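**Student:** Have a peek at my_file12.csv (CSV, C-alpha atoms).
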chain,number,residue,atom,x,y,z
A,1,MET,CA,-10.7,-13.7,-11.2
A,2,ALA,CA,-12.8,-10.7,-10.4
A,3,ILE,CA,-11.8,-7.0,-10.1
A,4,VAL,CA,-13.5,-5.7,-7.0
A,5,LEU,CA,-14.2,-2.0,-7.1
A,6,GLY,CA,-15.3,0.4,-4.4
A,7,ALA,CA,-15.5,4.2,-4.0
A,8,ASP,CA,-16.8,6.7,-1.6
A,9,LYS,CA,-18.8,9.7,-2.8
A,10,ALA,CA,-15.6,11.6,-3.8
A,11,GLY,CA,-14.3,8.7,-5.9
A,12,ASN,CA,-17.6,7.5,-7.5
A,13,HIS,CA,-17.1,9.3,-10.9
A,14,LEU,CA,-13.7,7.8,-11.4
A,15,LYS,CA,-14.9,4.4,-10.2
A,16,GLU,CA,-17.6,4.4,-12.8
A,17,LEU,CA,-15.1,5.3,-15.5
A,18,VAL,CA,-12.7,2.5,-14.3
A,19,LYS,CA,-15.6,0.0,-14.2
A,20,GLY,CA,-16.6,0.8,-17.8
A,21,TYR,CA,-13.0,0.5,-18.9
A,22,LEU,CA,-12.6,-2.9,-17.3
A,23,GLN,CA,-15.9,-4.2,-18.6
A,24,GLU,CA,-14.9,-3.1,-22.2
A,25,LYS,CA,-11.6,-5.1,-21.7
A,26,GLY,CA,-13.7,-8.2,-20.7
A,27,PHE,CA,-12.8,-8.4,-17.0
A,28,GLU,CA,-15.3,-9.6,-14.5
A,29,VAL,CA,-16.1,-6.6,-12.3
A,30,LEU,CA,-17.7,-6.6,-8.9
A,31,ASP,CA,-18.7,-3.2,-7.6
A,32,VAL,CA,-19.3,-3.3,-3.8
A,33,SER,CA,-20.1,0.4,-3.4
A,34,ASP,CA,-23.5,1.4,-2.2
A,35,ALA,CA,-25.1,4.6,-1.0
A,36,SER,CA,-24.8,3.6,2.7
A,37,GLN,CA,-21.0,3.4,2.4
A,38,GLU,CA,-20.2,7.1,2.4
A,39,ASP,CA,-16.9,6.6,4.2
A,40,PHE,CA,-13.7,5.1,2.6
A,41,VAL,CA,-13.3,2.8,5.7
A,42,ASP,CA,-16.5,0.9,5.0
A,43,VAL,CA,-15.8,0.8,1.2
A,44,THR,CA,-12.3,-0.5,1.7
A,45,LEU,CA,-13.4,-3.2,4.1
A,46,ALA,CA,-16.0,-4.3,1.6
A,47,VAL,CA,-13.5,-4.5,-1.2
A,48,ALA,CA,-11.0,-6.4,1.0
A,49,LYS,CA,-13.6,-8.9,2.0
A,50,GLU,CA,-14.3,-9.7,-1.6
A,51,VAL,CA,-10.7,-9.7,-2.6
A,52,ASN,CA,-10.0,-12.3,0.1
A,53,ALA,CA,-13.0,-14.4,-1.0
A,54,ALA,CA,-11.0,-15.8,-4.0
A,55,GLU,CA,-7.2,-16.0,-4.5
A,56,GLY,CA,-7.2,-14.4,-7.9
A,57,ASN,CA,-9.4,-11.4,-7.1
A,58,LEU,CA,-7.9,-7.9,-7.1
A,59,GLY,CA,-9.3,-4.7,-5.7
A,60,ILE,CA,-9.3,-1.1,-6.5
A,61,VAL,CA,-10.6,1.6,-4.0
A,62,ILE,CA,-11.0,5.2,-5.0
A,63,ASP,CA,-11.6,8.2,-2.8
A,64,ALA,CA,-10.5,11.8,-3.0
A,65,TYR,CA,-6.8,11.2,-2.4
A,66,GLY,CA,-6.1,7.5,-2.0
A,67,ALA,CA,-4.3,7.7,1.3
A,68,GLY,CA,-7.3,6.8,3.5
A,69,PRO,CA,-8.2,3.5,1.8
A,70,PHE,CA,-4.5,2.6,1.7
A,71,MET,CA,-4.3,3.0,5.5
A,72,VAL,CA,-7.4,0.8,6.0
A,73,ALA,CA,-6.2,-1.9,3.6
A,74,THR,CA,-2.8,-2.3,5.3
A,75,LYS,CA,-4.5,-2.9,8.6
A,76,ILE,CA,-6.0,-6.2,7.3
A,77,LYS,CA,-3.8,-9.2,8.0
A,78,GLY,CA,-2.4,-10.7,4.9
A,79,MET,CA,-3.5,-7.8,2.6
A,80,VAL,CA,-0.8,-6.1,0.6
A,81,ALA,CA,-1.9,-2.8,-0.8
A,82,ALA,CA,-0.4,0.2,-2.5
A,83,GLU,CA,-1.5,3.8,-3.1
A,84,VAL,CA,-0.7,4.6,-6.7
A,85,SER,CA,-0.8,7.6,-8.9
A,86,ASP,CA,1.3,6.4,-11.9
A,87,GLU,CA,1.3,3.5,-14.3
A,88,ARG,CA,4.7,2.1,-13.4
A,89,SER,CA,4.0,1.9,-9.7
A,90,ALA,CA,0.7,0.1,-10.4
A,91,TYR,CA,2.5,-2.5,-12.5
A,92,MET,CA,5.5,-2.9,-10.2
A,93,THR,CA,3.4,-3.3,-7.0
A,94,ARG,CA,1.9,-6.4,-8.6
A,95,ALA,CA,5.3,-7.7,-10.0
A,96,HIS,CA,7.4,-7.2,-6.8
A,97,ASN,CA,4.9,-7.0,-3.9
A,98,ASN,CA,2.0,-9.2,-5.1
A,99,SER,CA,-0.3,-6.4,-4.1
A,100,ARG,CA,-4.0,-7.3,-4.3
A,101,ILE,CA,-5.4,-3.9,-3.7
A,102,ILE,CA,-4.5,-0.5,-5.1
A,103,THR,CA,-6.0,2.8,-4.0
A,104,MET,CA,-6.3,6.0,-6.1
A,105,GLY,CA,-7.3,9.5,-5.4
A,106,ALA,CA,-9.9,11.0,-7.8
A,107,GLU,CA,-8.6,14.5,-7.1
A,108,ILE,CA,-5.1,13.5,-8.0
A,109,VAL,CA,-5.5,11.0,-10.9
A,110,GLY,CA,-7.3,12.1,-14.1
A,111,ASP,CA,-9.5,9.8,-16.3
A,112,GLU,CA,-6.9,8.6,-18.9
A,113,LEU,CA,-4.2,8.1,-16.2
A,114,ALA,CA,-6.6,6.1,-14.1
A,115,LYS,CA,-7.3,3.8,-17.1
A,116,ASN,CA,-3.5,3.3,-17.6
A,117,ILE,CA,-3.0,2.7,-13.8
A,118,VAL,CA,-5.7,0.0,-13.8
A,119,LYS,CA,-4.3,-1.6,-17.0
A,120,GLY,CA,-0.9,-1.9,-15.4
A,121,PHE,CA,-2.3,-3.3,-12.2
A,122,VAL,CA,-4.7,-5.9,-13.6
A,123,GLU,CA,-2.3,-7.0,-16.4
A,124,GLY,CA,0.7,-7.2,-14.1
A,125,HIS,CA,1.9,-10.6,-12.7
A,126,TYR,CA,3.7,-11.4,-9.6
A,127,ASP,CA,7.4,-12.3,-10.3
A,128,GLY,CA,7.9,-14.3,-7.2
A,129,GLY,CA,11.5,-15.5,-6.7
A,130,ARG,CA,13.6,-13.0,-4.7
A,131,HIS,CA,10.5,-11.0,-3.9
A,132,GLN,CA,8.8,-13.8,-2.0
A,133,VAL,CA,10.8,-13.1,1.2
A,134,ARG,CA,9.4,-9.6,1.4
A,135,VAL,CA,5.9,-10.7,0.5
A,136,ASP,CA,6.0,-13.3,3.3
A,137,MET,CA,7.1,-10.6,5.7
A,138,LEU,CA,4.3,-8.3,4.7
A,139,ASN,CA,1.7,-11.1,4.9
A,140,LYS,CA,2.7,-11.9,8.5
A,141,MET,CA,2.1,-8.3,9.7
A,142,CYS,CA,-1.0,-7.0,11.4
If you convert what's in this file into structure tokens, what do you get?
**Tutor:**
Amino acid sequence: MAIVLGADKAGNHLKELVKGYLQEKGFEVLDVSDASQEDFVDVTLAVAKEVNAAEGNLGIVIDAYGAGPFMVATKIKGMVAAEVSDERSAYMTRAHNNSRIITMGAEIVGDELAKNIVKGFVEGHYDGGRHQVRVDMLNKMC
């Protein structure tokens, strides 16, 4: 399982902080950001491609507000994504929706909160059961 990270220019500082945090915790991290990807659309598509490359991969995209990458990710067939700005939502979107990508806004989420959000997301586990009906519906969209 790899945690795939991406950020545009506005999210780069927070992405680097998140990357260091994940590496300290022993996670395999793949950073798909590069200087040519100045737009959140390109960054989100690059993250989604790598998330879809292996079933256990998860993705985190960071820009200024989190809304743009969320909109992009939800356009990809079979991708369940959530825009989050708190720890509980990050954990619950894994547990109930089997989300594989979260998006965050660097101008909304501070450093320590970002670490807690990432912790909740990557340590969360899908509950399955009664939630599977909704996840199947989401996966059929787009």
**Student:** Would you mind listing what lies within 10 Å of A:Val47 as a PyMOL selection string, with all atoms listed in the file counted and same-chain residues fewer than 4 positions away left out?
**Tutor:** chain A and resi 3-7+30-33+42-43+51-53+57-61+73+101
**Student:** How far is it from atom CA of A:Asn98 to atom CA of A:Leu14, in Å with one decimal?
**Tutor:**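 Atom CA of A:Leu14 lies 24.0 Å from atom CA of A:Asn98.
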**Student:** Would you please work out which residue, of A:Ala54, A:Thr44, A:Gln132, A:Lys75, is nearest to A:Ile102 when using only C-alpha atoms?
**Tutor:**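 Closest to A:Ile102 of all the choices is A:Thr44.
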**Student:** If we count all atoms listed in the file, what is near A:Ala90 at a cut-off of 7 Å, once residues fewer than 5 positions away on the same chain are taken out, given as a compact mmCIF listing (two decimals) with C-alpha atoms, keeping the file's coordinate frame?
**Tutor:**
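Written out: out-v2.txt:
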# COMPACT_ATOMS: atom_id res chain seq x y z
CA VAL A 84 -0.70 4.60 -6.70
CA ILE A 117 -3.00 2.70 -13.80
CA GLY A 120 -0.90 -1.90 -15.40
CA PHE A 121 -2.30 -3.30 -12.20
**Student:** Residues within 8 Å of A:Phe70, please, as a list in words. Count all atoms listed in the file; anything in the same chain fewer than 4 positions from it doesn't count.
**Tutor:**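 Result of the neighbour search: Gly66, Thr74, Ala81, Ala82, Glu83, Ile102 and Thr103 of chain A.
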**Student:** What lies within 10 Å of A:Lys15 using all atoms listed in the file, ignoring chain neighbours under 2 positions off, as a list in words?
**Tutor:** Leu5, Gly6, Ala7, Asp8, Lys9, Ala10, Gly11, Asn12, His13, Leu17, Val18, Lys19, Gly20, Tyr21, Asp31, Ser33, Ile60, Val61, Ile62, Asp63, Met104, Ala106, Asp111 and Ala114 of chain A
**Student:** Residues near A:Leu138, anyone? I mean within 9 Å using all atoms listed in the file, not counting same-chain ones fewer than 5 positions away, as a CSV table (one decimal) with C-alpha atoms, in the coordinates of the input.
**Tutor:**
chain,number,residue,atom,x,y,z
A,77,LYS,CA,-3.8,-9.2,8.0
A,78,GLY,CA,-2.4,-10.7,4.9
A,79,MET,CA,-3.5,-7.8,2.6
A,80,VAL,CA,-0.8,-6.1,0.6
A,97,ASN,CA,4.9,-7.0,-3.9
A,133,VAL,CA,10.8,-13.1,1.2
**Student:** What gap, in Å, lies between atom CA of A:Glu112 and atom CA of A:Gly68?
**Tutor:**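 Between these atoms lies a distance of 22.5 Å.
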**Student:** From the options A:Gly110, A:Tyr126, A:Thr93, A:Met1, which residue's atoms come nearest to A:Glu55, counting only C-alpha atoms?
**Tutor:**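 Closest to A:Glu55, using only C-alpha atoms: A:Met1.
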**Student:** To one decimal in Å, tell me the separation between atom CA of A:Ala64 and atom CA of A:Gly105.
**Tutor:** 4.6 Å
